[in-house]
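Trainee: Mind looking over this structure? Questions follow.
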Amino acid sequence: MDGRLRRVWRRGRWFVLGLVLLLVVPPLFGALALRVSYTGDLGEGTRTRGKDAFWIGHAWVDGRKEDADLAALAARLKDSGIRDLYVHAGPLEHDGTLRAAKYPRAAWLVDGLHRAMPGIRVQAWLGDVLATEGPVGLRLEDAGARRAVVGSARQILDAGFDGVHFDLEPLHSDDRHYLSLLDDLGRLTGSRKVPLSVAAHQIDPLPGLHSVNGALSGSEKWWSQEFFGEVARRVDQIAVMSYDTWMPLESLYGGYVAQQTALALEATPETTDLLMGLPFFHEDDLGHHENAETVAAAVKGARLGLARTDPGRERFGLALYVDFAAREGDWAAYRAGWL
């Protein structure tokens, strides 16, 4: 190797080393931080407050379920911490309206659950794809569409539901039109004295990460902690979708949930119910590794985050997603870790 090539190599190897350090070291430190976050004292005071929730599918209102199914559901939920059921009664049309034909058995379900489980709250779960990352979907910037969504909420409450739960995705951080919609929905639910509930994106693990991800991919996975707080202040109940996290190991996932729990507790007023989502489903893809995202890890992570941040918080619970994909092991882990 001649002198010129040696000089190029010396300069080049430092560039390569710098690139490796840039790409490898921050993720390693991040992984270490999550692993450490998954350790510590759970605290005996960090168990169910009886304010948990359960997402259940459309089959409960479209005629596929029968009396025996309802009795089995009531037996399953007996002596659990579940107070709220989010029953899929949508989806909304892209103009914000809701077809009544989507929930013909709503009265049967609500009345039957009230008889079988006095005190249970049966909320209508409504949602739609937003046109934030593609040409098709609900457009929150359209004032007419927002008015139609409020009308759909009024319609579903008139059908007998005890509250309304919204899951609109993908919802970008700092969407002022969404906050305006929540203000309008809150006036409706407040006048009816029923809860307004929402499913929420995860919070930036690092400040500004949603903006970086959006710039690189055109998609925003996270919300800023400030925006999360603005949403939480406008609703009665906020449920973090703390799954589909990309975490490859159970310990990293549990540490991530602990971190998310702490961030959410810091941003959520004590007057709002905060729930952390549990993965009662089983898939294996880039976003969700079922061997990593376990119920046991999520429960432990939520308890660790609660113990470190606000162990006395009463309006706190877990939200189980979803009934039609749940296995016996999921229920066992929920009961053993949380109840």
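Order determines the names: the first chain of the structure tokens is A, the second B, and so forth; residues in each chain are numbered 1 upward, and ligands are numbered 1 upward as they are shown.
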Select from stretch 232-295 of chain A everything DSSP, run on the backbone, classes as strand (DSSP E or B), then give the selection as a list in words.

Mentor: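 Assigned to strand (DSSP E or B), within stretch 232-295 of chain A: Gln237, Ile238, Ala239, Val240, Asp273, Leu274, Leu275, Met276, Gly277, Leu278, Pro279, Asp284 and His289 of chain A.
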
Trainee: Can you write just those residues out, all heavy atoms, as an mmCIF file, in the first residue's frame?

Mentor:
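This went into again.cif:
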```
data_model
loop_
_atom_site.group_PDB
_atom_site.id
_atom_site.type_symbol
_atom_site.label_atom_id
_atom_site.label_comp_id
_atom_site.auth_asym_id
_atom_site.auth_seq_id
_atom_site.Cartn_x
_atom_site.Cartn_y
_atom_site.Cartn_z
ATOM 1 N N GLN A 237 -61.346 9.745 30.306
ATOM 2 C CA GLN A 237 -60.576 8.500 30.345
ATOM 3 C C GLN A 237 -59.679 8.434 29.114
ATOM 4 O O GLN A 237 -60.135 8.689 27.996
ATOM 5 C CB GLN A 237 -61.554 7.324 30.361
ATOM 6 C CG GLN A 237 -60.978 5.972 30.684
ATOM 7 C CD GLN A 237 -62.092 4.948 30.792
ATOM 8 O OE1 GLN A 237 -62.759 4.637 29.795
ATOM 9 N NE2 GLN A 237 -62.323 4.437 31.985
ATOM 10 N N ILE A 238 -58.402 8.087 29.316
ATOM 11 C CA ILE A 238 -57.467 7.974 28.203
ATOM 12 C C ILE A 238 -56.726 6.645 28.336
ATOM 13 O O ILE A 238 -56.178 6.329 29.391
ATOM 14 C CB ILE A 238 -56.494 9.175 28.160
ATOM 15 C CG1 ILE A 238 -55.616 9.121 26.912
ATOM 16 C CG2 ILE A 238 -55.674 9.298 29.427
ATOM 17 C CD1 ILE A 238 -54.890 10.446 26.630
ATOM 18 N N ALA A 239 -56.745 5.859 27.269
ATOM 19 C CA ALA A 239 -56.152 4.522 27.267
ATOM 20 C C ALA A 239 -54.982 4.505 26.284
ATOM 21 O O ALA A 239 -55.175 4.672 25.073
ATOM 22 C CB ALA A 239 -57.190 3.468 26.888
ATOM 23 N N VAL A 240 -53.776 4.308 26.802
ATOM 24 C CA VAL A 240 -52.580 4.306 25.972
ATOM 25 C C VAL A 240 -52.465 2.963 25.248
ATOM 26 O O VAL A 240 -52.508 1.906 25.877
ATOM 27 C CB VAL A 240 -51.310 4.542 26.814
ATOM 28 C CG1 VAL A 240 -50.088 4.640 25.907
ATOM 29 C CG2 VAL A 240 -51.458 5.792 27.664
ATOM 30 N N ASP A 273 -59.119 9.356 34.198
ATOM 31 C CA ASP A 273 -58.678 7.962 34.297
ATOM 32 C C ASP A 273 -57.576 7.711 33.277
ATOM 33 O O ASP A 273 -57.750 7.990 32.083
ATOM 34 C CB ASP A 273 -59.834 7.002 33.990
ATOM 35 C CG ASP A 273 -60.921 7.018 35.039
ATOM 36 O OD1 ASP A 273 -60.657 7.451 36.171
ATOM 37 O OD2 ASP A 273 -62.048 6.583 34.730
ATOM 38 N N LEU A 274 -56.446 7.166 33.733
ATOM 39 C CA LEU A 274 -55.359 6.767 32.846
ATOM 40 C C LEU A 274 -55.268 5.253 32.834
ATOM 41 O O LEU A 274 -55.163 4.625 33.890
ATOM 42 C CB LEU A 274 -54.028 7.355 33.322
ATOM 43 C CG LEU A 274 -52.771 6.832 32.616
ATOM 44 C CD1 LEU A 274 -52.789 7.191 31.133
ATOM 45 C CD2 LEU A 274 -51.505 7.353 33.295
ATOM 46 N N LEU A 275 -55.319 4.664 31.636
ATOM 47 C CA LEU A 275 -55.214 3.220 31.487
ATOM 48 C C LEU A 275 -54.072 2.892 30.533
ATOM 49 O O LEU A 275 -53.888 3.558 29.515
ATOM 50 C CB LEU A 275 -56.521 2.620 30.942
ATOM 51 C CG LEU A 275 -57.739 2.697 31.858
ATOM 52 C CD1 LEU A 275 -58.476 4.025 31.654
ATOM 53 C CD2 LEU A 275 -58.700 1.552 31.596
ATOM 54 N N MET A 276 -53.309 1.854 30.879
ATOM 55 C CA MET A 276 -52.223 1.373 30.032
ATOM 56 C C MET A 276 -52.674 0.096 29.330
ATOM 57 O O MET A 276 -53.183 -0.830 29.968
ATOM 58 C CB MET A 276 -50.961 1.116 30.857
ATOM 59 C CG MET A 276 -50.459 2.325 31.637
ATOM 60 S SD MET A 276 -50.114 3.785 30.605
ATOM 61 C CE MET A 276 -48.766 3.169 29.581
ATOM 62 N N GLY A 277 -52.490 0.048 28.004
ATOM 63 C CA GLY A 277 -52.991 -1.061 27.220
ATOM 64 C C GLY A 277 -52.181 -2.341 27.405
ATOM 65 O O GLY A 277 -50.952 -2.306 27.513
ATOM 66 N N LEU A 278 -52.878 -3.472 27.424
ATOM 67 C CA LEU A 278 -52.252 -4.792 27.484
ATOM 68 C C LEU A 278 -52.485 -5.526 26.173
ATOM 69 O O LEU A 278 -53.593 -5.502 25.634
ATOM 70 C CB LEU A 278 -52.852 -5.642 28.619
ATOM 71 C CG LEU A 278 -52.717 -5.153 30.050
ATOM 72 C CD1 LEU A 278 -53.239 -6.231 30.993
ATOM 73 C CD2 LEU A 278 -51.286 -4.815 30.389
ATOM 74 N N PRO A 279 -51.480 -6.224 25.658
ATOM 75 C CA PRO A 279 -51.647 -6.937 24.377
ATOM 76 C C PRO A 279 -52.278 -8.309 24.553
ATOM 77 O O PRO A 279 -51.601 -9.320 24.684
ATOM 78 C CB PRO A 279 -50.198 -7.048 23.875
ATOM 79 C CG PRO A 279 -49.383 -7.142 25.133
ATOM 80 C CD PRO A 279 -50.085 -6.293 26.162
ATOM 81 N N ASP A 284 -46.838 -11.708 15.037
ATOM 82 C CA ASP A 284 -45.383 -11.639 14.999
ATOM 83 C C ASP A 284 -44.966 -10.941 13.709
ATOM 84 O O ASP A 284 -44.963 -11.537 12.635
ATOM 85 C CB ASP A 284 -44.776 -13.041 15.070
ATOM 86 C CG ASP A 284 -43.378 -13.031 15.681
ATOM 87 O OD1 ASP A 284 -42.862 -11.926 15.960
ATOM 88 O OD2 ASP A 284 -42.805 -14.106 15.869
ATOM 89 N N HIS A 289 -43.743 -8.243 18.418
ATOM 90 C CA HIS A 289 -43.177 -9.577 18.607
ATOM 91 C C HIS A 289 -43.876 -10.205 19.813
ATOM 92 O O HIS A 289 -43.687 -9.757 20.943
ATOM 93 C CB HIS A 289 -41.670 -9.492 18.836
ATOM 94 C CG HIS A 289 -40.930 -8.839 17.698
ATOM 95 N ND1 HIS A 289 -40.700 -9.477 16.499
ATOM 96 C CD2 HIS A 289 -40.395 -7.600 17.573
ATOM 97 C CE1 HIS A 289 -40.034 -8.672 15.690
ATOM 98 N NE2 HIS A 289 -39.852 -7.516 16.312
#
```

Trainee: Which of stretch 116-319 of chain A end up as helix (DSSP H, G or I) when DSSP is run on this backbone - answer as a ChimeraX atom specification?

Mentor: /A:116,143-158,176-192,209-217,225-232,250-267,295-309

Trainee: I need the chosen residues saved as a compact mmCIF listing (two decimals), in the first residue's frame, with C-alpha atoms.

Mentor:
```txt
# COMPACT_ATOMS: atom_id res chain seq x y z
CA ALA A 116 -75.65 -9.60 34.69
CA ALA A 143 -65.63 21.28 10.28
CA GLY A 144 -68.60 19.49 8.76
CA ALA A 145 -67.00 16.11 9.40
CA ARG A 146 -66.32 17.07 13.02
CA ARG A 147 -69.95 18.08 13.48
CA ALA A 148 -70.99 14.74 12.00
CA VAL A 149 -68.76 12.88 14.50
CA VAL A 150 -70.46 14.70 17.36
CA GLY A 151 -73.81 13.76 15.83
CA SER A 152 -72.70 10.13 15.69
CA ALA A 153 -71.77 10.26 19.37
CA ARG A 154 -75.20 11.68 20.18
CA GLN A 155 -76.79 8.93 18.09
CA ILE A 156 -74.92 6.13 19.88
CA LEU A 157 -75.74 7.54 23.31
CA ASP A 158 -79.41 7.70 22.31
CA ARG A 176 -55.54 21.18 16.81
CA HIS A 177 -58.59 19.95 14.92
CA TYR A 178 -58.65 16.84 17.11
CA LEU A 179 -58.55 18.98 20.24
CA SER A 180 -61.43 21.05 18.87
CA LEU A 181 -63.39 17.85 18.26
CA LEU A 182 -62.76 16.70 21.83
CA ASP A 183 -64.00 20.06 23.15
CA ASP A 184 -67.24 19.60 21.22
CA LEU A 185 -67.61 15.96 22.27
CA GLY A 186 -66.95 16.88 25.89
CA ARG A 187 -69.82 19.34 25.89
CA LEU A 188 -72.12 16.58 24.66
CA THR A 189 -70.97 13.88 27.08
CA GLY A 190 -70.85 16.36 29.94
CA SER A 191 -74.48 17.30 29.36
CA ARG A 192 -75.40 13.60 29.36
CA LEU A 209 -38.98 11.85 18.33
CA HIS A 210 -42.40 12.02 16.64
CA SER A 211 -41.12 14.89 14.47
CA VAL A 212 -37.96 13.01 13.50
CA ASN A 213 -39.92 9.87 12.65
CA GLY A 214 -42.40 11.92 10.65
CA ALA A 215 -39.66 13.62 8.67
CA LEU A 216 -37.92 10.34 7.87
CA SER A 217 -40.93 8.10 7.19
CA GLN A 225 -45.95 14.54 26.07
CA GLU A 226 -47.43 18.05 25.93
CA PHE A 227 -50.02 17.02 23.33
CA PHE A 228 -50.85 13.88 25.32
CA GLY A 229 -51.56 16.11 28.30
CA GLU A 230 -53.78 18.40 26.25
CA VAL A 231 -55.82 15.39 25.15
CA ALA A 232 -55.96 13.96 28.68
CA GLU A 250 -39.58 -9.04 26.83
CA SER A 251 -37.33 -7.12 29.21
CA LEU A 252 -37.08 -4.19 26.79
CA TYR A 253 -40.82 -4.17 26.23
CA GLY A 254 -41.50 -4.20 29.97
CA GLY A 255 -39.03 -1.35 30.48
CA TYR A 256 -40.67 0.57 27.65
CA VAL A 257 -44.11 0.19 29.26
CA ALA A 258 -42.65 1.36 32.58
CA GLN A 259 -41.28 4.45 30.82
CA GLN A 260 -44.56 5.10 28.99
CA THR A 261 -46.51 4.74 32.24
CA ALA A 262 -44.31 7.31 33.95
CA LEU A 263 -44.57 9.77 31.03
CA ALA A 264 -48.36 9.35 30.88
CA LEU A 265 -48.78 9.80 34.63
CA GLU A 266 -46.78 13.03 34.50
CA ALA A 267 -49.04 14.41 31.76
CA VAL A 295 -49.16 -9.51 29.22
CA ALA A 296 -46.85 -10.33 32.12
CA ALA A 297 -44.24 -7.82 30.93
CA ALA A 298 -46.85 -5.12 30.34
CA VAL A 299 -48.39 -5.58 33.79
CA LYS A 300 -44.99 -5.50 35.51
CA GLY A 301 -43.94 -2.46 33.48
CA ALA A 302 -47.12 -0.58 34.33
CA ARG A 303 -46.71 -1.37 38.02
CA LEU A 304 -43.06 -0.26 38.01
CA GLY A 305 -43.95 3.02 36.30
CA LEU A 306 -46.79 3.59 38.76
CA ALA A 307 -44.61 2.77 41.79
CA ARG A 308 -41.89 5.21 40.72
CA THR A 309 -44.08 8.08 39.61
```

Trainee: Would you mind telling me which residue in A:Glu141, A:Glu314, A:Glu283, A:Glu328 lies nearest to A:Arg49 when using only C-alpha atoms?

Mentor: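 The answer is A:Glu314, which sits nearest to A:Arg49.
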
Trainee: Nearest to A:Ala199: which of A:Arg83, A:Trp331, A:Val136, A:Ala53 is it, counting only C-alpha atoms?

Mentor: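 Closest to A:Ala199, using only C-alpha atoms: A:Ala53.
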
Trainee: Given only C-alpha atoms as the basis, pick out the residue of A:Asp244, A:Thr271, A:Ala319, A:Gly63 nearest to A:Leu286.

Mentor: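 Nearest candidate to A:Leu286 out of A:Asp244, A:Thr271, A:Ala319, A:Gly63: A:Asp244.
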
Trainee: Would you pick out the contacts of A:Trp222 at 6 Å or less, using only C-alpha atoms, so that residues sharing its chain but fewer than 2 positions from it are not included, and give the list as a PDB file with N, CA, C and O atoms, in the first residue's frame?

Mentor:
```pdb
ATOM      1  N   HIS A 201     -52.112   7.413  21.278  1.00  0.00           N
ATOM      2  CA  HIS A 201     -50.806   6.964  20.818  1.00  0.00           C
ATOM      3  C   HIS A 201     -49.803   6.991  21.982  1.00  0.00           C
ATOM      4  O   HIS A 201     -50.026   7.630  23.004  1.00  0.00           O
ATOM      5  N   GLN A 202     -48.698   6.317  21.801  1.00  0.00           N
ATOM      6  CA  GLN A 202     -47.621   6.352  22.789  1.00  0.00           C
ATOM      7  C   GLN A 202     -46.952   7.727  22.792  1.00  0.00           C
ATOM      8  O   GLN A 202     -47.108   8.512  21.860  1.00  0.00           O
ATOM      9  N   ILE A 203     -46.215   7.993  23.861  1.00  0.00           N
ATOM     10  CA  ILE A 203     -45.559   9.278  24.051  1.00  0.00           C
ATOM     11  C   ILE A 203     -44.105   9.186  23.600  1.00  0.00           C
ATOM     12  O   ILE A 203     -43.463   8.145  23.754  1.00  0.00           O
ATOM     13  N   ASP A 204     -43.583  10.280  23.053  1.00  0.00           N
ATOM     14  CA  ASP A 204     -42.180  10.326  22.627  1.00  0.00           C
ATOM     15  C   ASP A 204     -41.252   9.730  23.688  1.00  0.00           C
ATOM     16  O   ASP A 204     -41.148  10.290  24.795  1.00  0.00           O
ATOM     17  N   HIS A 210     -41.305  12.132  17.620  1.00  0.00           N
ATOM     18  CA  HIS A 210     -42.395  12.023  16.643  1.00  0.00           C
ATOM     19  C   HIS A 210     -42.084  12.869  15.405  1.00  0.00           C
ATOM     20  O   HIS A 210     -42.400  12.471  14.279  1.00  0.00           O
ATOM     21  N   GLU A 220     -46.113   9.327  11.933  1.00  0.00           N
ATOM     22  CA  GLU A 220     -45.796   9.693  13.311  1.00  0.00           C
ATOM     23  C   GLU A 220     -46.332   8.624  14.246  1.00  0.00           C
ATOM     24  O   GLU A 220     -47.538   8.490  14.412  1.00  0.00           O
TER      25      GLU A 220
END
```
